[in-house]
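Enquirer: To start, I am sharing the structure in question, which I have written as structure tokens.
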Amino acid sequence: RRQVVAQLAGRAPGISVAIPESTYLMWLDCRALGLPVEPAEHFLTHARVAMNPGLTFGARGAGHARLNIATSPAILDEITRRLGASLPIA
């Protein structure tokens with residue numbers, strides 16, 4: 001969990017995330033990115049990373065994506081690298 005938070009801070013600073021207490025699912029708050037599409041759609045198309053769209057979980061999920069982090073540190077490193085590389089340069 002800490003690895004993902006630290007890597008996103010450096011690679012995709014527009015994504016806000018809090019460390020979950022006891023789960024392998026992490027909510028990524030992507031509202032500050034101003035993406036023209038749902039974040040999960042953007043990341044699937046541009047980063048080839050599949051996540052659950054936040055809207056699947058109700059209106060409060062708008063602008064969010066849910067990432068499953070139950071995998072190896074190497075794969076998490078690749079995921080965060082791809083997420084950051086998929087974002088437009090501001």
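Following the order of the structure tokens, first chain is A, next is B, and so on, with residues numbered from 1 inside each chain and ligands from 1 in the order they appear.
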I'd like the neighbourhood of stretch 48-57 of chain A as a PyMOL selection string, where a residue qualifies if any of its atoms comes within 12 Å (using only C-alpha atoms), though same-chain residues fewer than 4 positions away should be ignored.

Expert: chain A and resi 25-31+37-44+61-69+75-76+78-86

Enquirer: DSSP on the backbone, strand (DSSP E or B) only: what residues of stretch 9-89 of chain A does that give? Format it as a PyMOL selection string.

Expert: chain A and resi 16+25-29+52-53+64-68

Enquirer: What does the distance from atom CA of A:Ala74 to atom CA of A:Leu33 come to in Å, to one decimal?

Expert: 25.4 Å

Enquirer: Between atom CA of A:Ser72 and atom CA of A:Ala32, what is the spacing in Å?

Expert: 28.0 Å

Enquirer: From stretch 10-45 of chain A, collect each residue whose DSSP state is helix (DSSP H, G or I) and return the set as JSON, numbers by chain.

Expert: {"A": [10, 11, 31, 32, 33, 39, 40, 41, 42, 43, 44, 45]}

Enquirer: Given the selection you just returned, output its residues as a file containing all heavy atoms, formatted as an mmCIF file, in the first residue's frame.

Expert:
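Result file again05.cif:
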```
data_model
loop_
_atom_site.group_PDB
_atom_site.id
_atom_site.type_symbol
_atom_site.label_atom_id
_atom_site.label_comp_id
_atom_site.auth_asym_id
_atom_site.auth_seq_id
_atom_site.Cartn_x
_atom_site.Cartn_y
_atom_site.Cartn_z
ATOM 1 N N GLY A 10 5.078 10.508 -6.888
ATOM 2 C CA GLY A 10 6.164 10.919 -7.755
ATOM 3 C C GLY A 10 5.853 10.832 -9.238
ATOM 4 O O GLY A 10 6.349 11.628 -10.023
ATOM 5 N N ARG A 11 5.028 9.878 -9.611
ATOM 6 C CA ARG A 11 4.776 9.623 -11.035
ATOM 7 C C ARG A 11 3.467 10.215 -11.553
ATOM 8 O O ARG A 11 3.336 10.463 -12.748
ATOM 9 C CB ARG A 11 4.754 8.110 -11.287
ATOM 10 C CG ARG A 11 6.088 7.469 -11.010
ATOM 11 C CD ARG A 11 6.018 5.973 -11.125
ATOM 12 N NE ARG A 11 7.365 5.405 -10.948
ATOM 13 C CZ ARG A 11 7.601 4.132 -10.843
ATOM 14 N NH1 ARG A 11 6.619 3.251 -10.927
ATOM 15 N NH2 ARG A 11 8.843 3.705 -10.669
ATOM 16 N N ARG A 31 -9.996 13.300 -9.762
ATOM 17 C CA ARG A 31 -10.759 14.494 -10.139
ATOM 18 C C ARG A 31 -9.868 15.665 -10.521
ATOM 19 O O ARG A 31 -10.195 16.427 -11.425
ATOM 20 C CB ARG A 31 -11.717 14.885 -9.016
ATOM 21 C CG ARG A 31 -12.824 13.846 -8.817
ATOM 22 C CD ARG A 31 -13.692 14.170 -7.645
ATOM 23 N NE ARG A 31 -12.905 14.002 -6.419
ATOM 24 C CZ ARG A 31 -13.373 14.220 -5.201
ATOM 25 N NH1 ARG A 31 -14.608 14.631 -5.023
ATOM 26 N NH2 ARG A 31 -12.599 14.026 -4.160
ATOM 27 N N ALA A 32 -8.720 15.816 -9.894
ATOM 28 C CA ALA A 32 -7.829 16.947 -10.185
ATOM 29 C C ALA A 32 -7.181 16.841 -11.564
ATOM 30 O O ALA A 32 -6.640 17.829 -12.071
ATOM 31 C CB ALA A 32 -6.750 17.047 -9.113
ATOM 32 N N LEU A 33 -7.241 15.670 -12.182
ATOM 33 C CA LEU A 33 -6.617 15.482 -13.493
ATOM 34 C C LEU A 33 -7.411 16.128 -14.613
ATOM 35 O O LEU A 33 -6.863 16.411 -15.676
ATOM 36 C CB LEU A 33 -6.448 13.987 -13.792
ATOM 37 C CG LEU A 33 -5.541 13.207 -12.844
ATOM 38 C CD1 LEU A 33 -5.597 11.721 -13.181
ATOM 39 C CD2 LEU A 33 -4.111 13.727 -12.902
ATOM 40 N N PRO A 39 -11.988 8.036 -15.340
ATOM 41 C CA PRO A 39 -10.588 7.653 -15.138
ATOM 42 C C PRO A 39 -10.280 6.199 -15.509
ATOM 43 O O PRO A 39 -9.263 5.935 -16.144
ATOM 44 C CB PRO A 39 -10.354 7.909 -13.650
ATOM 45 C CG PRO A 39 -11.308 9.012 -13.322
ATOM 46 C CD PRO A 39 -12.525 8.731 -14.158
ATOM 47 N N ALA A 40 -11.148 5.265 -15.136
ATOM 48 C CA ALA A 40 -10.876 3.858 -15.457
ATOM 49 C C ALA A 40 -10.802 3.654 -16.967
ATOM 50 O O ALA A 40 -9.969 2.878 -17.456
ATOM 51 C CB ALA A 40 -11.938 2.955 -14.839
ATOM 52 N N GLU A 41 -11.633 4.359 -17.713
ATOM 53 C CA GLU A 41 -11.600 4.261 -19.177
ATOM 54 C C GLU A 41 -10.298 4.831 -19.731
ATOM 55 O O GLU A 41 -9.665 4.252 -20.608
ATOM 56 C CB GLU A 41 -12.795 5.007 -19.771
ATOM 57 C CG GLU A 41 -12.863 4.954 -21.272
ATOM 58 C CD GLU A 41 -14.034 5.736 -21.843
ATOM 59 O OE1 GLU A 41 -15.010 5.992 -21.117
ATOM 60 O OE2 GLU A 41 -13.961 6.119 -23.026
ATOM 61 N N HIS A 42 -9.892 5.993 -19.195
ATOM 62 C CA HIS A 42 -8.629 6.611 -19.637
ATOM 63 C C HIS A 42 -7.461 5.661 -19.400
ATOM 64 O O HIS A 42 -6.638 5.438 -20.292
ATOM 65 C CB HIS A 42 -8.392 7.928 -18.890
ATOM 66 C CG HIS A 42 -7.018 8.472 -19.118
ATOM 67 N ND1 HIS A 42 -6.709 9.276 -20.193
ATOM 68 C CD2 HIS A 42 -5.855 8.300 -18.427
ATOM 69 C CE1 HIS A 42 -5.424 9.583 -20.158
ATOM 70 N NE2 HIS A 42 -4.883 8.995 -19.098
ATOM 71 N N PHE A 43 -7.374 5.093 -18.191
ATOM 72 C CA PHE A 43 -6.224 4.259 -17.861
ATOM 73 C C PHE A 43 -6.235 2.936 -18.626
ATOM 74 O O PHE A 43 -5.173 2.421 -18.964
ATOM 75 C CB PHE A 43 -6.132 4.044 -16.353
ATOM 76 C CG PHE A 43 -5.816 5.303 -15.612
ATOM 77 C CD1 PHE A 43 -6.635 5.755 -14.593
ATOM 78 C CD2 PHE A 43 -4.704 6.062 -15.936
ATOM 79 C CE1 PHE A 43 -6.348 6.927 -13.916
ATOM 80 C CE2 PHE A 43 -4.403 7.241 -15.267
ATOM 81 C CZ PHE A 43 -5.231 7.666 -14.247
ATOM 82 N N LEU A 44 -7.393 2.400 -18.929
ATOM 83 C CA LEU A 44 -7.442 1.183 -19.728
ATOM 84 C C LEU A 44 -6.961 1.481 -21.153
ATOM 85 O O LEU A 44 -6.146 0.737 -21.710
ATOM 86 C CB LEU A 44 -8.861 0.615 -19.756
ATOM 87 C CG LEU A 44 -9.025 -0.686 -20.541
ATOM 88 C CD1 LEU A 44 -8.129 -1.789 -19.998
ATOM 89 C CD2 LEU A 44 -10.484 -1.120 -20.517
ATOM 90 N N THR A 45 -7.424 2.583 -21.712
ATOM 91 C CA THR A 45 -7.070 2.946 -23.085
ATOM 92 C C THR A 45 -5.618 3.382 -23.231
ATOM 93 O O THR A 45 -4.912 2.944 -24.136
ATOM 94 C CB THR A 45 -7.986 4.081 -23.582
ATOM 95 O OG1 THR A 45 -9.335 3.648 -23.510
ATOM 96 C CG2 THR A 45 -7.648 4.486 -25.010
#
```

Enquirer: Which residues come within 10 Å of A:Pro73, counting only C-alpha atoms, excluding same-chain residues fewer than 6 positions away, as a list of chain:residue names?

Expert: A:Arg1, A:Gln3, A:Val4, A:Ile79
